[in-house]
Structures are given as structure tokens and as C-alpha cells.
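Shown next: final38.tsv, containing TSV, C-alpha atoms.
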chain	number	residue	atom	x	y	z
C	1066	MET	CA	0.00	0.00	0.00
C	1067	ASN	CA	1.31	3.42	-0.88
C	1068	GLY	CA	1.11	6.55	1.23
C	1069	ARG	CA	-1.94	7.92	-0.55
C	1070	LYS	CA	-3.96	4.75	0.10
C	1071	ILE	CA	-2.93	4.68	3.74
C	1072	SER	CA	-3.93	8.33	4.11
C	1073	LEU	CA	-7.29	7.68	2.49
C	1074	LEU	CA	-7.91	4.70	4.76
C	1075	ALA	CA	-7.16	6.96	7.71
C	1076	VAL	CA	-9.80	9.34	6.36
C	1077	PHE	CA	-12.31	6.47	6.18
C	1078	ILE	CA	-11.47	5.48	9.75
C	1079	GLY	CA	-12.00	9.12	10.76
C	1080	LEU	CA	-15.37	9.13	8.99
C	1081	SER	CA	-16.22	5.95	10.85
C	1082	VAL	CA	-15.40	7.67	14.15
C	1083	VAL	CA	-17.65	10.60	13.19
C	1084	GLY	CA	-20.39	8.16	12.17
C	1085	ALA	CA	-19.96	6.32	15.47
C	1086	SER	CA	-21.05	9.48	17.28
C	1087	ILE	CA	-24.32	9.60	15.30
C	1088	LYS	CA	-26.36	7.09	17.25
C	1089	ILE	CA	-29.57	5.32	16.33
C	1090	PRO	CA	-31.88	4.84	19.32
C	1091	ALA	CA	-31.47	1.27	20.54
C	1092	ILE	CA	-31.37	-0.80	23.70
C	1093	ILE	CA	-27.57	-0.70	23.47
C	1094	GLY	CA	-25.57	2.39	22.59
C	1095	SER	CA	-23.38	0.97	19.84
C	1096	VAL	CA	-25.86	1.14	16.93
C	1097	ALA	CA	-24.64	4.07	14.83
C	1098	LEU	CA	-23.63	5.29	11.38
C	1099	ASP	CA	-20.15	3.82	11.63
C	1100	ALA	CA	-20.52	1.17	8.90
C	1101	PHE	CA	-20.97	3.23	5.74
C	1102	PRO	CA	-17.30	4.37	5.61
C	1103	ALA	CA	-16.32	0.70	5.90
C	1104	LEU	CA	-18.57	-0.16	2.97
C	1105	LEU	CA	-16.99	2.64	0.95
C	1106	ALA	CA	-13.49	1.43	1.84
C	1107	ALA	CA	-14.47	-2.15	0.98
C	1108	VAL	CA	-15.66	-1.12	-2.47
C	1109	PHE	CA	-12.77	1.23	-3.28
C	1110	PHE	CA	-9.85	-0.60	-1.66
C	1111	GLY	CA	-11.00	-4.21	-1.27
C	1112	GLY	CA	-12.39	-6.46	1.41
C	1113	ALA	CA	-9.47	-6.46	3.85
C	1114	PRO	CA	-9.14	-2.66	4.20
C	1115	GLY	CA	-12.94	-2.42	4.46
C	1116	ALA	CA	-12.90	-5.04	7.19
C	1117	VAL	CA	-10.30	-3.07	9.16
C	1118	VAL	CA	-12.39	0.11	8.92
C	1119	ALA	CA	-15.55	-1.81	9.92
C	1120	ALA	CA	-13.95	-3.44	12.96
C	1121	PHE	CA	-12.34	-0.23	14.15
C	1122	GLY	CA	-15.55	1.74	13.53
C	1123	HIS	CA	-17.59	-0.65	15.64
C	1124	LEU	CA	-15.10	-0.59	18.50
C	1125	VAL	CA	-15.13	3.22	18.55
C	1126	SER	CA	-18.92	3.23	18.40
C	1127	ALA	CA	-19.03	0.79	21.32
C	1128	LEU	CA	-16.58	2.94	23.30
C	1129	LEU	CA	-18.67	6.04	22.68
C	1130	GLY	CA	-21.76	4.10	23.75
C	1131	GLY	CA	-20.16	2.97	27.02
C	1132	MET	CA	-19.22	-0.60	25.94
C	1133	PRO	CA	-22.57	-2.01	27.12
C	1134	MET	CA	-21.63	-5.59	26.17
C	1135	GLY	CA	-18.06	-5.35	27.44
C	1136	PRO	CA	-15.51	-7.54	25.67
C	1137	LEU	CA	-18.26	-9.13	23.57
C	1138	HIS	CA	-17.95	-6.07	21.34
C	1139	PHE	CA	-14.80	-7.67	19.93
C	1140	ILE	CA	-17.03	-10.44	18.53
C	1141	VAL	CA	-19.22	-7.78	16.90
C	1142	ALA	CA	-16.11	-6.06	15.50
C	1143	VAL	CA	-15.03	-9.32	13.84
C	1144	GLU	CA	-18.55	-9.83	12.50
C	1145	MET	CA	-18.59	-6.31	11.06
C	1146	GLY	CA	-15.25	-6.95	9.41
C	1147	ILE	CA	-16.57	-10.14	7.84
C	1148	LEU	CA	-19.68	-8.37	6.59
C	1149	ALA	CA	-17.63	-5.56	5.00
C	1150	PHE	CA	-15.33	-8.12	3.38
C	1151	CYS	CA	-18.34	-10.00	1.95
C	1152	PHE	CA	-19.85	-6.72	0.75
C	1153	ALA	CA	-16.72	-6.07	-1.31
C	1154	TYR	CA	-16.71	-9.61	-2.66
C	1155	MET	CA	-20.36	-9.36	-3.76
C	1156	TRP	CA	-20.18	-5.77	-5.03
C	1157	LYS	CA	-20.58	-6.72	-8.71
C	1158	ARG	CA	-24.17	-7.44	-7.78
C	1159	LYS	CA	-24.92	-4.29	-5.78
C	1160	TRP	CA	-28.34	-5.29	-4.58
C	1161	LEU	CA	-27.21	-8.73	-3.49
C	1162	ALA	CA	-24.32	-7.15	-1.56
C	1163	SER	CA	-26.66	-4.61	0.00
C	1164	VAL	CA	-29.32	-7.13	0.99
C	1165	PHE	CA	-26.67	-9.47	2.37
C	1166	PHE	CA	-25.13	-6.69	4.47
C	1167	VAL	CA	-28.50	-5.60	5.88
C	1168	PHE	CA	-29.60	-9.19	6.56
C	1169	GLY	CA	-26.22	-10.16	8.00
C	1170	ASN	CA	-25.98	-7.13	10.26
C	1171	THR	CA	-29.61	-7.29	11.37
C	1172	VAL	CA	-30.33	-11.01	11.71
C	1173	LEU	CA	-27.10	-13.05	11.58
C	1174	ALA	CA	-24.59	-10.95	13.53
C	1175	PRO	CA	-26.62	-10.77	16.76
C	1176	LEU	CA	-27.40	-14.53	16.80
C	1177	PRO	CA	-24.48	-15.47	19.11
C	1178	PHE	CA	-25.82	-13.07	21.71
C	1179	ILE	CA	-28.96	-15.15	22.20
C	1180	TYR	CA	-26.68	-17.47	24.17
C	1181	PHE	CA	-25.38	-14.62	26.38
C	1182	TYR	CA	-28.45	-12.40	26.77
C	1183	GLY	CA	-31.45	-14.43	25.65
C	1184	LEU	CA	-34.08	-14.23	22.94
C	1185	ALA	CA	-35.71	-11.11	24.40
C	1186	PHE	CA	-32.48	-9.12	23.94
C	1187	TYR	CA	-32.13	-10.40	20.37
C	1188	SER	CA	-35.75	-9.51	19.54
C	1189	ALA	CA	-35.47	-6.05	21.10
C	1190	LEU	CA	-32.28	-5.32	19.15
C	1191	LEU	CA	-33.61	-6.25	15.70
C	1192	PRO	CA	-35.60	-3.07	14.88
C	1193	SER	CA	-32.75	-0.68	15.66
C	1194	LEU	CA	-30.21	-2.88	13.87
C	1195	LEU	CA	-32.49	-2.97	10.83
C	1196	VAL	CA	-32.77	0.83	10.76
C	1197	GLY	CA	-29.02	1.25	11.30
C	1198	SER	CA	-28.12	-1.30	8.62
C	1199	VAL	CA	-30.47	0.20	6.06
C	1200	VAL	CA	-29.31	3.76	6.71
C	1201	ASN	CA	-25.61	2.80	6.53
C	1202	THR	CA	-26.18	0.83	3.31
C	1203	VAL	CA	-28.25	3.56	1.64
C	1204	VAL	CA	-25.66	6.23	2.49
C	1205	ALA	CA	-22.92	4.01	1.04
C	1206	LEU	CA	-24.96	3.30	-2.10
C	1207	LEU	CA	-25.54	7.04	-2.59
C	1208	LEU	CA	-21.88	7.97	-2.09
C	1209	ILE	CA	-20.12	5.23	-4.08
C	1210	PRO	CA	-21.08	6.49	-7.56
C	1211	ARG	CA	-20.34	10.08	-6.56
C	1212	LEU	CA	-16.88	9.24	-5.25
C	1213	HIS	CA	-16.01	6.79	-8.03
C	1214	SER	CA	-14.19	9.36	-10.19
C	1215	PHE	CA	-12.14	10.59	-7.23
C	1216	PHE	CA	-10.89	7.11	-6.39
C	1217	LYS	CA	-10.47	5.95	-9.98
C	1218	GLY	CA	-6.67	6.18	-9.96
C	1219	VAL	CA	-6.19	5.20	-6.33
C	1220	TYR	CA	-7.49	1.67	-5.97
C	1221	ASP	CA	-6.35	-1.43	-7.78
C	1222	LYS	CA	-7.69	-4.19	-5.54
C	1223	GLY	CA	-11.08	-2.68	-4.82
C	1224	ALA	CA	-14.37	-4.13	-5.90
C	1225	VAL	CA	-15.01	-1.23	-8.33
C	1226	LYS	CA	-13.08	-1.46	-11.58
C	1227	GLY	CA	-12.86	1.06	-14.35

Can you turn what I pasted into C-alpha cells?
Amino acid sequence: MNGRKISLLAVFIGLSVVGASIKIPAIIGSVALDAFPALLAAVFFGGAPGAVVAAFGHLVSALLGGMPMGPLHFIVAVEMGILAFCFAYMWKRKWLASVFFVFGNTVLAPLPFIYFYGLAFYSALLPSLLVGSVVNTVVALLLIPRLHSFFKGVYDKGAVKG
């Protein structure tokens, strides 16, 4: 990675930190707009850089929300990284990537927490996760075509080619 790519990834991490401070009302304080910069990074730079931005963005969002699930937020950070990586992999089919991200973030990612907190926690979390996932995905889908020309000469391993 060259210096320009590293600098741009730092910008995406910064955007993720800003998004982490824009919270969506939920039973836990870590649901926020921290994922859309990760989706942008995944599309423009590839799955691995997008995964790093996603994991870091979630951890910052959890810290700003008071780490309500304690060290279990590291599990969520890994899940967010996997979802961003998959989003980049599926990007050629935008709608499939978008639906997978929303479904994965809303339904699949919180499944392990049924074991820790029960079905009531899982059920109560779904509406806010759905809203957060849809908003993050829509913002990313709106920004990707507008930023495409800016990143055209920067990325070579990203999901967007051309």
C-alpha cells in the first residue's frame, strides 16, 4: 500500500469515528452510522481494508456508547469486518451485496448473543439494527457512484473497476 492509500484509509477510519457518534436509538448504545465508511473502503480498496475500517468503527462506536456488552464487542467487530469483506466480494451485484449486508448485520450478527443475553435481547435489538443497517447501506450506495471518479486512480484491488 502506498502513502496515498494509507492516508485515504485513515480518512475512512476518521469518517467511521464521526459516524460512530451519530447514534440510532437502541437498547444498546453501539448502533450508529459507523458502517458506511467501511462499505466505501471495501468497495474502493478491497475487502481487507474495508474489514479493518468496519472493525475499528464498531469498537469506537461501542466505546462512545459505554461498551454495554463489554468484551463481547470484539465479537461484533469481527462480524462487522466479515460483513464488509463479503460486501466487497459481492459488489458486482450491488443489490445482493446490499441485501446481504442488511440481513447479516440485522439477523445473523446478533445470533451469538442469544446465548449470552437471551431471545428477548435479540428480539429487542432487531428493529434498531435494521434501521441502522439500512441507513448505513443507503448512504454508502448514494456515495459510491459520486466518489467513483475521485478514487479511480487510487485503488487497484477494490471491488469497483474502471

Just want the 12 Å neighbourhood of segment 1150-1153 of chain C, counted on all atoms listed in the file, with same-chain residues fewer than 4 positions away dropped. Output as a PyMOL selection string. chain C and resi 1100-1101+1103-1120+1143-1146+1157-1170+1202+1205-1206+1222-1226

Might you pull out every residue within 10 Å of segment 1080-1086 of chain C, with only C-alpha atoms counted and same-chain residues fewer than 6 positions away left off, and present them as an NGL selection string? :C and (1074 or 1094-1103 or 1118-1130 or 1201)

Enter the distance from atom CA of Leu1194 of chain C to atom CA of Thr1171 of chain C, in Å, rounded to one decimal.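 We find that atom CA of Leu1194 of chain C and atom CA of Thr1171 of chain C lie 5.1 Å from each other.
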
Just how far from atom CA of Ile1147 of chain C is atom CA of Phe1077 of chain C, in Å to one decimal? 17.2 Å

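Of note, atom CA of Ile1087 of chain C and atom CA of Pro1192 of chain C are spaced 17.0 Å apart.
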
Choose the residue, out of C:Leu1137, C:Val1203, C:Met1155, C:Leu1212, that has the smallest atom-to-atom separation from Phe1181 of chain C; count all atoms listed in the file.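 Closest candidate: C:Leu1137.
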
Which residue is closest to Pro1177 of chain C? Choose from C:His1138, C:Val1200, C:Phe1215, C:Ile1209 and count all atoms listed in the file.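 Among the listed residues, the smallest separation from Pro1177 of chain C belongs to C:His1138.
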
Might I get the box with edges along x, y and z of the file that holds all atoms of segment 1104-1120 of chain C listed there, padded by 8 Å on every side, given as centre and edge lengths in Å to one decimal, as lines of an AutoDock Vina configuration file?
center_x = -13.9
center_y = -1.9
center_z = 4.8
size_x = 25.4
size_y = 25.1
size_z = 32.2

Could you give me, as a short mmCIF file (atom, residue, chain, number, x, y, z; two decimals) with C-alpha atoms, in the frame of the given file, the residues within 10 Å of Ser1188 of chain C, counting all atoms listed in the file and dropping anything in the same chain fewer than 6 positions from it?
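Here's the written file out.cif:
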data_model
loop_
_atom_site.label_atom_id
_atom_site.label_comp_id
_atom_site.auth_asym_id
_atom_site.auth_seq_id
_atom_site.Cartn_x
_atom_site.Cartn_y
_atom_site.Cartn_z
CA VAL C 1172 -30.33 -11.01 11.71
CA PRO C 1175 -26.62 -10.77 16.76
CA ILE C 1179 -28.96 -15.15 22.20
#

Among listed residues C:Met1134, C:Leu1073, C:Ile1089, C:Ala1142, nearest Tyr1182 of chain C (using all atoms listed in the file):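 Once distances to Tyr1182 of chain C are computed over all atoms listed in the file, the minimum belongs to C:Met1134.
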
Please, can segment 1093-1109 of chain C be completed to N, CA, C and O atoms and returned as a JSON list (two decimals), in the coordinates of the input?
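So out23.json came out as:
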[["chain", "number", "residue", "atom", "x", "y", "z"],
["C", 1093, "ILE", "N", -28.99, -0.86, 23.16],
["C", 1093, "ILE", "CA", -27.57, -0.70, 23.47],
["C", 1093, "ILE", "C", -27.06, 0.50, 22.68],
["C", 1093, "ILE", "O", -27.61, 0.86, 21.65],
["C", 1094, "GLY", "N", -26.02, 1.13, 23.17],
["C", 1094, "GLY", "CA", -25.57, 2.39, 22.59],
["C", 1094, "GLY", "C", -24.58, 2.28, 21.46],
["C", 1094, "GLY", "O", -23.97, 3.27, 21.10],
["C", 1095, "SER", "N", -24.40, 1.09, 20.88],
["C", 1095, "SER", "CA", -23.38, 0.97, 19.84],
["C", 1095, "SER", "C", -23.95, 0.93, 18.42],
["C", 1095, "SER", "O", -23.20, 0.78, 17.46],
["C", 1096, "VAL", "N", -25.26, 1.10, 18.26],
["C", 1096, "VAL", "CA", -25.86, 1.14, 16.93],
["C", 1096, "VAL", "C", -25.72, 2.57, 16.41],
["C", 1096, "VAL", "O", -26.25, 3.50, 17.00],
["C", 1097, "ALA", "N", -24.96, 2.73, 15.32],
["C", 1097, "ALA", "CA", -24.64, 4.07, 14.83],
["C", 1097, "ALA", "C", -24.35, 4.02, 13.33],
["C", 1097, "ALA", "O", -24.43, 2.98, 12.69],
["C", 1098, "LEU", "N", -23.98, 5.17, 12.80],
["C", 1098, "LEU", "CA", -23.63, 5.29, 11.38],
["C", 1098, "LEU", "C", -22.14, 5.10, 11.15],
["C", 1098, "LEU", "O", -21.51, 5.86, 10.42],
["C", 1099, "ASP", "N", -21.58, 4.08, 11.75],
["C", 1099, "ASP", "CA", -20.15, 3.82, 11.63],
["C", 1099, "ASP", "C", -19.80, 2.86, 10.51],
["C", 1099, "ASP", "O", -18.64, 2.70, 10.17],
["C", 1100, "ALA", "N", -20.80, 2.22, 9.89],
["C", 1100, "ALA", "CA", -20.52, 1.17, 8.90],
["C", 1100, "ALA", "C", -20.39, 1.69, 7.48],
["C", 1100, "ALA", "O", -19.70, 1.08, 6.67],
["C", 1101, "PHE", "N", -21.02, 2.81, 7.13],
["C", 1101, "PHE", "CA", -20.97, 3.23, 5.74],
["C", 1101, "PHE", "C", -19.56, 3.57, 5.27],
["C", 1101, "PHE", "O", -19.22, 3.27, 4.12],
["C", 1102, "PRO", "N", -18.68, 4.17, 6.10],
["C", 1102, "PRO", "CA", -17.30, 4.37, 5.61],
["C", 1102, "PRO", "C", -16.59, 3.04, 5.35],
["C", 1102, "PRO", "O", -15.76, 2.94, 4.44],
["C", 1103, "ALA", "N", -16.92, 2.02, 6.12],
["C", 1103, "ALA", "CA", -16.32, 0.70, 5.90],
["C", 1103, "ALA", "C", -16.79, 0.11, 4.58],
["C", 1103, "ALA", "O", -16.01, -0.51, 3.85],
["C", 1104, "LEU", "N", -18.06, 0.32, 4.25],
["C", 1104, "LEU", "CA", -18.57, -0.16, 2.97],
["C", 1104, "LEU", "C", -17.90, 0.57, 1.81],
["C", 1104, "LEU", "O", -17.57, -0.03, 0.79],
["C", 1105, "LEU", "N", -17.70, 1.87, 1.97],
["C", 1105, "LEU", "CA", -16.99, 2.64, 0.95],
["C", 1105, "LEU", "C", -15.56, 2.11, 0.78],
["C", 1105, "LEU", "O", -15.09, 1.90, -0.34],
["C", 1106, "ALA", "N", -14.87, 1.93, 1.90],
["C", 1106, "ALA", "CA", -13.49, 1.43, 1.84],
["C", 1106, "ALA", "C", -13.45, 0.03, 1.23],
["C", 1106, "ALA", "O", -12.53, -0.29, 0.47],
["C", 1107, "ALA", "N", -14.43, -0.79, 1.53],
["C", 1107, "ALA", "CA", -14.47, -2.15, 0.98],
["C", 1107, "ALA", "C", -14.62, -2.11, -0.54],
["C", 1107, "ALA", "O", -13.98, -2.87, -1.26],
["C", 1108, "VAL", "N", -15.44, -1.21, -1.02],
["C", 1108, "VAL", "CA", -15.66, -1.12, -2.47],
["C", 1108, "VAL", "C", -14.44, -0.52, -3.17],
["C", 1108, "VAL", "O", -14.01, -1.01, -4.21],
["C", 1109, "PHE", "N", -13.86, 0.53, -2.60],
["C", 1109, "PHE", "CA", -12.77, 1.23, -3.28],
["C", 1109, "PHE", "C", -11.40, 0.59, -3.09],
["C", 1109, "PHE", "O", -10.54, 0.71, -3.95]]
